[in-house]
Amino acid sequence: MTFQFEDFVLDPERRELRRADALIALEPQVFDLLIYLVRNRERVVTRDNLLDAVWNGRVVSESTLTSRINAARRAVNDNGEEQRLIRTIARKGVRFVGAVIERSDAAKPAVLLAPTTAAPTGLPLPDRPAIAVLPFTNMSGEAEQDYFSDGISEDIITALSKLRWFFVIARNSSFIYKGRTVHLRQVAEELGVRYVVEGSVRRGGERVRITAQLNDVATGSHLWAERYDRELADVFAVQDEITEAIVAAIEPQLYAAENFRAERKPPDSMDAWDLVMRALSHYWRVTRQDHVVAQALLEKAIALDPNYGKALGLLGTSYMFTAHMGWMEMASAITAAERAARAAIRADDEDAWAHNALGHVNLFARRFDDSLAEFETALQLNPNFALAQGYYGLALSYCGRWQEADEAARRAIRLSPRDPYAPVYFGIAAYARFLGSDYPEAIRLAQESLRQRSDFVGAHRVLTAAAGMAGQAGIAHAALEELRRAQPNVSLAWIAEFMPIKLAADREHYLEGFRRAGLR
């Protein structure tokens, strides 16, 4: 059965919305919402009806629900003012009010698609890349060990689902392949995914070996593979540790693969997702010029889709990072970043990047409690979000809670040890140790940060102040010279005005370190 209204055809079996011969890209939740509205067009559909039908009863925010309804409207060329097809009934719900013709499968015209090997041809999930985690194979030969291998797979599914940037196939769908020998291309076509994670678990005595592999099914390539050998003193602790390590390794590989795919497209054909992936690749390079490029790409993505939460959240975060580095005027950065961050939260208040962006804004606006709350929300939404973990440490340190700040920064390093932002996390840990008057460790951590990124301004600042307080005149003088090269506008007045240090004693402590190093 297909549904025809105006010049649109909605096909539930193919999970396609077409206008004339053009396929319209829809997120899975938006497609499900539109199908539900069309099938129930004779009545007003309540919020609870939609939560049961589309989110399986899971509670989501009003802004998330509104964003999905708005996306459905945009897909059928409707809007919140006109409400030609999808009408909001005040205090009641929504209803599909367009005239619909139902056609049986026998009457459904055939749609001819050109053959392709570039992407799976089954269920289309066009808005964001989809990934399936197959049940890990139990290689131990003992059926009772299935709980452990299944637990690893289930935990990876749960952790990846919290990324929000990727559509992750639910456990019940990917586990239908348990115990079956099936080609990955068949999995991709049947589940509508581009990426597949597979692995195995072999347990012998009190040791376990776990292998994991990330595959790009469209190209047939292996993007990443790793092997983990562990002692099984605590089964659940090992399960958590391995899950965390696998997800932390997979996430950047997915971004890199999507950026590579976007780079092969002609510039004029890139959609909002492609632009965000290109921007993210520049964002991770942690240089002034790359952030300028990233911001331009994100603004282009937002011009294509003004409610694109991923682009808005990343843009707000980029503005605040460039201001913190002294590359952008702070007042204008806060204004632009707050506008972007709040728009990102309105678009999707369950996106950790959106709350991460607002956490940055609140920190530099000296709304310290609000900043900590936003970073904590981001980490509740995605506990494996290393960037939010690191900047939560920065917020804690600026609030004078240096022990907790040190722990948070080191957790960020452990979550993502090969992260391009790892030098930033080392710099945050260095500042925390400085606040605790552990100057030798602050110097060591700052030097490690600069070993990884010699142009990182934040580490130059901490190294200068720590060496000044430690009486290491040679290190302090050299660090100050490098700091002035990296941030020509640095001064005691700039530090006092623009570094959001909550406690007057901590601010004076930091300034004294710079004075001893020779900064005026």
# chains A, B, ... in the order shown; residues from 1 in each chain; ligands from 1
call {"tool": "select_by_dssp", "arguments": {"residues": "segment 11-156 of chain A", "states": "helix (DSSP H, G or I)", "output": "VMD selection string"}}
result
chain A and resid 28 to 39 47 to 54 62 to 75 105 to 107 143 to 156
call {"tool": "closest_atom_pairs", "arguments": {"of": "segment 377-401 of chain A", "to": "segment 425-445 of chain A", "cutoff": "6 Å", "atoms": "only C-alpha atoms", "output": "JSON lines"}}
result
{"residue": "A:Gly390", "atom": "CA", "partner": "A:Tyr425", "partner_atom": "CA", "distance": 5.5}
{"residue": "A:Leu394", "atom": "CA", "partner": "A:Ile428", "partner_atom": "CA", "distance": 5.8}
{"residue": "A:Ser397", "atom": "CA", "partner": "A:Ala432", "partner_atom": "CA", "distance": 5.7}
call {"tool": "residues_around", "arguments": {"residues": "Phe166 of chain A", "least_positions_apart": "6", "cutoff": "8 Å", "atoms": "only C-alpha atoms", "output": "PyMOL selection string"}}
result
chain A and resi 128-131+160
call {"tool": "write_last_selection", "arguments": {"atoms": "N, CA and C atoms", "output": "CSV table (one decimal), in the first residue's frame"}}
result
chain,number,residue,atom,x,y,z
A,128,ARG,N,21.7,10.9,8.1
A,128,ARG,CA,23.0,10.7,8.8
A,128,ARG,C,23.4,9.2,8.6
A,129,PRO,N,24.7,9.0,8.6
A,129,PRO,CA,25.1,7.6,8.3
A,129,PRO,C,24.6,6.6,9.4
A,130,ALA,N,24.3,5.4,8.9
A,130,ALA,CA,23.7,4.4,9.8
A,130,ALA,C,24.8,3.3,10.1
A,131,ILE,N,24.7,2.7,11.3
A,131,ILE,CA,25.7,1.7,11.7
A,131,ILE,C,25.0,0.6,12.4
A,160,LEU,N,27.2,3.8,21.3
A,160,LEU,CA,27.1,4.5,20.0
A,160,LEU,C,25.8,5.3,19.8
call {"tool": "closest_residue", "arguments": {"among": "A:Leu503, A:Leu358, A:Asp216, A:His222", "to": "Trp402 of chain A", "atoms": "only C-alpha atoms"}}
result
A:Leu503
call {"tool": "closest_residue", "arguments": {"among": "A:Ala470, A:Ala465, A:Ala272, A:Ala504", "to": "Leu519 of chain A", "atoms": "only C-alpha atoms"}}
result
A:Ala465
call {"tool": "closest_residue", "arguments": {"among": "A:Ser63, A:Thr181, A:Asn49, A:Ser449", "to": "Asp351 of chain A", "atoms": "only C-alpha atoms"}}
result
A:Ser63
call {"tool": "residues_around", "arguments": {"residues": "segment 483-489 of chain A", "least_positions_apart": "6", "cutoff": "7 Å", "atoms": "only C-alpha atoms", "output": "PyMOL selection string"}}
result
chain A and resi 326+455+457+460-461
call {"tool": "write_last_selection", "arguments": {"atoms": "all heavy atoms", "output": "PDB file, in the first residue's frame"}}
result
ATOM      1  N   GLY A 326      42.337  33.473  22.296  1.00  0.00           N
ATOM      2  CA  GLY A 326      42.730  34.848  22.010  1.00  0.00           C
ATOM      3  C   GLY A 326      42.709  35.172  20.536  1.00  0.00           C
ATOM      4  O   GLY A 326      43.272  36.182  20.110  1.00  0.00           O
ATOM      5  N   ASP A 455      51.994  24.622  18.994  1.00  0.00           N
ATOM      6  CA  ASP A 455      51.346  25.923  18.828  1.00  0.00           C
ATOM      7  C   ASP A 455      50.138  26.106  19.740  1.00  0.00           C
ATOM      8  O   ASP A 455      49.369  27.049  19.563  1.00  0.00           O
ATOM      9  CB  ASP A 455      50.906  26.113  17.375  1.00  0.00           C
ATOM     10  CG  ASP A 455      49.963  25.003  16.901  1.00  0.00           C
ATOM     11  OD1 ASP A 455      49.822  23.990  17.626  1.00  0.00           O
ATOM     12  OD2 ASP A 455      49.383  25.125  15.807  1.00  0.00           O
ATOM     13  N   VAL A 457      48.192  27.484  22.478  1.00  0.00           N
ATOM     14  CA  VAL A 457      48.345  28.687  23.295  1.00  0.00           C
ATOM     15  C   VAL A 457      48.135  28.393  24.776  1.00  0.00           C
ATOM     16  O   VAL A 457      48.874  28.884  25.641  1.00  0.00           O
ATOM     17  CB  VAL A 457      47.361  29.775  22.823  1.00  0.00           C
ATOM     18  CG1 VAL A 457      47.460  31.007  23.712  1.00  0.00           C
ATOM     19  CG2 VAL A 457      47.646  30.144  21.373  1.00  0.00           C
ATOM     20  N   HIS A 460      51.139  27.006  26.517  1.00  0.00           N
ATOM     21  CA  HIS A 460      52.169  28.039  26.686  1.00  0.00           C
ATOM     22  C   HIS A 460      51.848  28.915  27.897  1.00  0.00           C
ATOM     23  O   HIS A 460      52.751  29.287  28.660  1.00  0.00           O
ATOM     24  CB  HIS A 460      52.258  28.914  25.427  1.00  0.00           C
ATOM     25  CG  HIS A 460      52.972  28.257  24.283  1.00  0.00           C
ATOM     26  ND1 HIS A 460      54.269  27.809  24.369  1.00  0.00           N
ATOM     27  CD2 HIS A 460      52.557  27.979  23.010  1.00  0.00           C
ATOM     28  CE1 HIS A 460      54.635  27.285  23.204  1.00  0.00           C
ATOM     29  NE2 HIS A 460      53.616  27.381  22.367  1.00  0.00           N
ATOM     30  N   ARG A 461      50.570  29.238  28.093  1.00  0.00           N
ATOM     31  CA  ARG A 461      50.197  30.080  29.224  1.00  0.00           C
ATOM     32  C   ARG A 461      50.497  29.377  30.550  1.00  0.00           C
ATOM     33  O   ARG A 461      51.088  29.963  31.469  1.00  0.00           O
ATOM     34  CB  ARG A 461      48.712  30.461  29.128  1.00  0.00           C
ATOM     35  CG  ARG A 461      48.408  31.459  28.026  1.00  0.00           C
ATOM     36  CD  ARG A 461      47.094  32.187  28.240  1.00  0.00           C
ATOM     37  NE  ARG A 461      45.928  31.336  28.105  1.00  0.00           N
ATOM     38  CZ  ARG A 461      45.064  31.381  27.089  1.00  0.00           C
ATOM     39  NH1 ARG A 461      45.266  32.232  26.085  1.00  0.00           N
ATOM     40  NH2 ARG A 461      44.014  30.606  27.066  1.00  0.00           N
TER      41      ARG A 461
END
call {"tool": "residues_around", "arguments": {"residues": "Phe514 of chain A", "least_positions_apart": "6", "cutoff": "8 Å", "atoms": "only C-alpha atoms", "output": "list in words"}}
result
Thr464, Ala465, Gly468, Leu492 and Arg520 of chain A
call {"tool": "atom_distance", "arguments": {"atom1": "atom CA of Arg58 of chain A", "atom2": "atom CA of Leu17 of chain A"}}
result
25.6 Å
call {"tool": "atom_distance", "arguments": {"atom1": "atom CA of Asn362 of chain A", "atom2": "atom CA of His324 of chain A"}}
result
12.8 Å
call {"tool": "residues_around", "arguments": {"residues": "segment 4-6 of chain A", "least_positions_apart": "2", "cutoff": "7 Å", "atoms": "only C-alpha atoms", "output": "short mmCIF file (atom, residue, chain, number, x, y, z; two decimals) with N, CA, C and O atoms, in the first residue's frame"}}
result
data_model
loop_
_atom_site.label_atom_id
_atom_site.label_comp_id
_atom_site.auth_asym_id
_atom_site.auth_seq_id
_atom_site.Cartn_x
_atom_site.Cartn_y
_atom_site.Cartn_z
N THR A 2 0.59 2.18 -0.92
CA THR A 2 1.26 3.47 -0.93
C THR A 2 0.21 4.56 -0.75
O THR A 2 -0.98 4.35 -0.98
N PHE A 8 3.11 14.00 -4.08
CA PHE A 8 3.98 13.14 -3.27
C PHE A 8 3.45 11.71 -3.27
O PHE A 8 2.23 11.48 -3.32
N VAL A 9 4.38 10.75 -3.17
CA VAL A 9 4.04 9.34 -2.97
C VAL A 9 4.83 8.84 -1.78
O VAL A 9 6.06 8.92 -1.76
N LEU A 10 4.11 8.33 -0.79
CA LEU A 10 4.72 7.80 0.43
C LEU A 10 4.61 6.28 0.41
O LEU A 10 3.50 5.74 0.36
N GLY A 98 -4.27 16.68 4.57
CA GLY A 98 -4.26 16.63 3.13
C GLY A 98 -5.13 15.50 2.60
O GLY A 98 -5.38 14.50 3.28
N ALA A 99 -5.60 15.65 1.36
CA ALA A 99 -6.37 14.59 0.71
C ALA A 99 -5.42 13.48 0.26
O ALA A 99 -4.41 13.74 -0.40
N VAL A 100 -5.73 12.23 0.66
CA VAL A 100 -4.84 11.10 0.42
C VAL A 100 -5.54 10.05 -0.42
O VAL A 100 -6.71 9.72 -0.18
N ILE A 101 -4.82 9.53 -1.42
CA ILE A 101 -5.30 8.40 -2.22
C ILE A 101 -4.44 7.20 -1.87
O ILE A 101 -3.21 7.26 -1.93
N GLU A 102 -5.09 6.11 -1.46
CA GLU A 102 -4.38 4.87 -1.15
C GLU A 102 -4.34 3.99 -2.40
O GLU A 102 -5.35 3.80 -3.06
#
call {"tool": "atom_distance", "arguments": {"atom1": "atom CA of Arg261 of chain A", "atom2": "atom CA of Ile169 of chain A"}}
result
21.2 Å
call {"tool": "closest_residue", "arguments": {"among": "A:Val424, A:Pro266, A:Phe498, A:Pro12", "to": "Leu363 of chain A", "atoms": "only C-alpha atoms"}}
result
A:Phe498
call {"tool": "closest_residue", "arguments": {"among": "A:Val193, A:Val201, A:Met330, A:Leu214", "to": "Ser149 of chain A", "atoms": "only C-alpha atoms"}}
result
A:Val201
call {"tool": "residues_around", "arguments": {"residues": "Asp290 of chain A", "least_positions_apart": "2", "cutoff": "12 Å", "atoms": "only C-alpha atoms", "output": "mmCIF file with C-alpha atoms, in the first residue's frame"}}
result
data_model
loop_
_atom_site.group_PDB
_atom_site.id
_atom_site.type_symbol
_atom_site.label_atom_id
_atom_site.label_comp_id
_atom_site.auth_asym_id
_atom_site.auth_seq_id
_atom_site.Cartn_x
_atom_site.Cartn_y
_atom_site.Cartn_z
ATOM 1 C CA ARG A 278 34.189 18.806 6.378
ATOM 2 C CA ALA A 279 33.956 21.398 9.160
ATOM 3 C CA LEU A 280 34.617 18.778 11.822
ATOM 4 C CA SER A 281 37.811 17.675 10.069
ATOM 5 C CA HIS A 282 39.070 21.277 10.256
ATOM 6 C CA TYR A 283 37.839 21.714 13.824
ATOM 7 C CA TRP A 284 39.984 18.779 15.016
ATOM 8 C CA ARG A 285 43.148 20.375 13.601
ATOM 9 C CA VAL A 286 43.081 22.935 16.421
ATOM 10 C CA THR A 287 44.580 25.866 14.506
ATOM 11 C CA ARG A 288 43.315 29.397 14.058
ATOM 12 C CA VAL A 292 37.996 29.989 10.432
ATOM 13 C CA VAL A 293 37.410 27.453 7.652
ATOM 14 C CA ALA A 294 35.260 25.275 9.924
ATOM 15 C CA GLN A 295 33.064 28.224 10.879
ATOM 16 C CA ALA A 296 32.535 29.166 7.216
ATOM 17 C CA LEU A 297 31.499 25.601 6.360
ATOM 18 C CA SER A 318 34.230 26.673 17.723
ATOM 19 C CA PHE A 321 37.448 27.920 21.535
ATOM 20 C CA THR A 322 38.802 30.631 19.219
ATOM 21 C CA TRP A 327 42.010 34.523 18.274
#
